[in-house]
Amino acid sequence: MAVNPEFAGRVYPPNEPYEVGRVKLREFAEAVGATHPTHTDPAAARALGYPDVIAPPTFAVVVAQRAEAQLIQDPAAGIDFSRVVHADERFVHHRPIHAGDRLTTVLHVDAITERAGLSMITTRCVISSETGEPVASVSSTLAVRGEDA
């Protein structure tokens, strides 16, 4: 089954809030080699004016991927995840993500194009606090190889 181009322009409703925890931030910081103490030490983060430890900038992808799963797991979208190659990812931050945040995400399917048996899916995940404050957006492009690729 090919990727369904009719999903372009679709906007999904906000997903359930993601509660950001200190342990998850510590694990992510360690995994990506982010050694600044604001990622692991609440006192260091507070000394710089943050309410708690802050996430490394790329942590936003953890939150975004929960929303992207709505598209990936929809059989009608026609995405065979075993044929997906990550092509691009971009972040826009309005403020740091910190422990204690409860974040919701709205998934936008901005474009689906096909070229030479390769479907390119561009999504944008708009991440906000529970009160609606903009936190970040993550734009991703996935390349889905066709059956002959």
# chains A, B, ... in the order shown; residues from 1 in each chain; ligands from 1
call {"tool": "residues_around", "arguments": {"residues": "range 101-111 of chain A", "least_positions_apart": "4", "cutoff": "9 Å", "atoms": "only C-alpha atoms", "output": "VMD selection string"}}
result
chain A and resid 5 7 to 21 63 to 64 66 to 68 70 to 71 97 120 to 130 132 135 137
call {"tool": "select_by_dssp", "arguments": {"residues": "range 45-127 of chain A", "states": "strand (DSSP E or B)", "output": "PyMOL selection string"}}
result
chain A and resi 54+84-93+98+102-115+118-127
call {"tool": "write_last_selection", "arguments": {"atoms": "N, CA and C atoms", "output": "tab-separated table (two decimals), in the first residue's frame"}}
result
chain	number	residue	atom	x	y	z
A	54	ILE	N	16.04	21.61	33.15
A	54	ILE	CA	15.55	21.86	31.80
A	54	ILE	C	16.03	20.75	30.85
A	84	VAL	N	10.60	3.41	6.47
A	84	VAL	CA	10.80	4.83	6.76
A	84	VAL	C	12.27	5.14	7.02
A	85	VAL	N	12.71	6.23	6.41
A	85	VAL	CA	14.03	6.79	6.67
A	85	VAL	C	13.81	8.22	7.12
A	86	HIS	N	14.45	8.59	8.23
A	86	HIS	CA	14.31	9.96	8.74
A	86	HIS	C	15.12	10.89	7.85
A	87	ALA	N	14.48	11.90	7.27
A	87	ALA	CA	15.16	12.78	6.33
A	87	ALA	C	15.59	14.11	6.94
A	88	ASP	N	14.76	14.69	7.83
A	88	ASP	CA	15.06	16.03	8.34
A	88	ASP	C	14.29	16.28	9.63
A	89	GLU	N	14.85	17.10	10.50
A	89	GLU	CA	14.17	17.50	11.74
A	89	GLU	C	14.64	18.91	12.09
A	90	ARG	N	13.68	19.76	12.44
A	90	ARG	CA	13.99	21.14	12.82
A	90	ARG	C	13.18	21.51	14.05
A	91	PHE	N	13.80	22.33	14.90
A	91	PHE	CA	13.18	22.74	16.15
A	91	PHE	C	13.07	24.25	16.22
A	92	VAL	N	11.96	24.73	16.74
A	92	VAL	CA	11.80	26.14	17.10
A	92	VAL	C	11.36	26.13	18.56
A	93	HIS	N	12.15	26.79	19.40
A	93	HIS	CA	11.84	26.82	20.84
A	93	HIS	C	11.38	28.21	21.25
A	98	HIS	N	10.86	22.07	30.85
A	98	HIS	CA	11.43	21.79	32.17
A	98	HIS	C	10.61	20.73	32.89
A	102	ARG	N	3.51	19.97	31.75
A	102	ARG	CA	2.51	19.06	31.18
A	102	ARG	C	2.23	19.62	29.79
A	103	LEU	N	2.67	18.88	28.77
A	103	LEU	CA	2.68	19.39	27.41
A	103	LEU	C	1.69	18.65	26.51
A	104	THR	N	0.98	19.41	25.71
A	104	THR	CA	0.11	18.83	24.70
A	104	THR	C	0.67	19.17	23.33
A	105	THR	N	0.34	18.33	22.37
A	105	THR	CA	0.89	18.51	21.03
A	105	THR	C	-0.21	18.37	20.00
A	106	VAL	N	-0.20	19.26	19.02
A	106	VAL	CA	-1.10	19.19	17.88
A	106	VAL	C	-0.23	18.84	16.66
A	107	LEU	N	-0.61	17.76	15.99
A	107	LEU	CA	0.11	17.30	14.81
A	107	LEU	C	-0.52	17.86	13.55
A	108	HIS	N	0.31	18.47	12.71
A	108	HIS	CA	-0.10	18.98	11.40
A	108	HIS	C	0.64	18.16	10.34
A	109	VAL	N	-0.08	17.64	9.38
A	109	VAL	CA	0.56	16.98	8.23
A	109	VAL	C	0.65	18.05	7.15
A	110	ASP	N	1.82	18.65	7.04
A	110	ASP	CA	1.97	19.81	6.16
A	110	ASP	C	2.05	19.44	4.68
A	111	ALA	N	2.67	18.29	4.36
A	111	ALA	CA	2.80	17.92	2.94
A	111	ALA	C	3.09	16.44	2.81
A	112	ILE	N	2.61	15.89	1.71
A	112	ILE	CA	2.97	14.53	1.29
A	112	ILE	C	3.22	14.62	-0.21
A	113	THR	N	4.44	14.33	-0.60
A	113	THR	CA	4.79	14.35	-2.01
A	113	THR	C	5.45	13.04	-2.39
A	114	GLU	N	5.34	12.67	-3.65
A	114	GLU	CA	5.97	11.44	-4.12
A	114	GLU	C	6.89	11.76	-5.28
A	115	ARG	N	8.09	11.20	-5.22
A	115	ARG	CA	9.08	11.39	-6.27
A	115	ARG	C	9.84	10.08	-6.45
A	118	LEU	N	9.41	7.38	-3.92
A	118	LEU	CA	9.70	7.76	-2.54
A	118	LEU	C	8.66	8.78	-2.09
A	119	SER	N	7.96	8.48	-1.01
A	119	SER	CA	6.99	9.43	-0.46
A	119	SER	C	7.66	10.25	0.63
A	120	MET	N	7.54	11.56	0.53
A	120	MET	CA	8.10	12.47	1.53
A	120	MET	C	6.93	13.05	2.33
A	121	ILE	N	6.96	12.80	3.65
A	121	ILE	CA	5.90	13.26	4.54
A	121	ILE	C	6.49	14.32	5.46
A	122	THR	N	5.94	15.53	5.40
A	122	THR	CA	6.41	16.61	6.27
A	122	THR	C	5.34	16.89	7.31
A	123	THR	N	5.75	16.78	8.58
A	123	THR	CA	4.83	17.04	9.69
A	123	THR	C	5.37	18.18	10.54
A	124	ARG	N	4.46	18.78	11.28
A	124	ARG	CA	4.83	19.84	12.24
A	124	ARG	C	4.06	19.57	13.52
A	125	CYS	N	4.78	19.43	14.60
A	125	CYS	CA	4.18	19.21	15.91
A	125	CYS	C	4.30	20.49	16.72
A	126	VAL	N	3.15	21.06	17.07
A	126	VAL	CA	3.12	22.29	17.85
A	126	VAL	C	2.90	21.90	19.31
A	127	ILE	N	3.90	22.17	20.12
A	127	ILE	CA	3.90	21.76	21.53
A	127	ILE	C	3.58	22.97	22.40
call {"tool": "closest_residue", "arguments": {"among": "A:Ala43, A:Val138, A:Ala116, A:Ala99", "to": "Thr58 in chain A", "atoms": "only C-alpha atoms"}}
result
A:Val138
call {"tool": "closest_residue", "arguments": {"among": "A:Phe59, A:Glu6, A:Arg83, A:Leu48", "to": "Val32 in chain A", "atoms": "only C-alpha atoms"}}
result
A:Phe59
call {"tool": "select_by_dssp", "arguments": {"residues": "chain A", "states": "alpha helix (DSSP H)", "output": "number ranges by chain"}}
result
A: 22-32, 42-47, 60-72
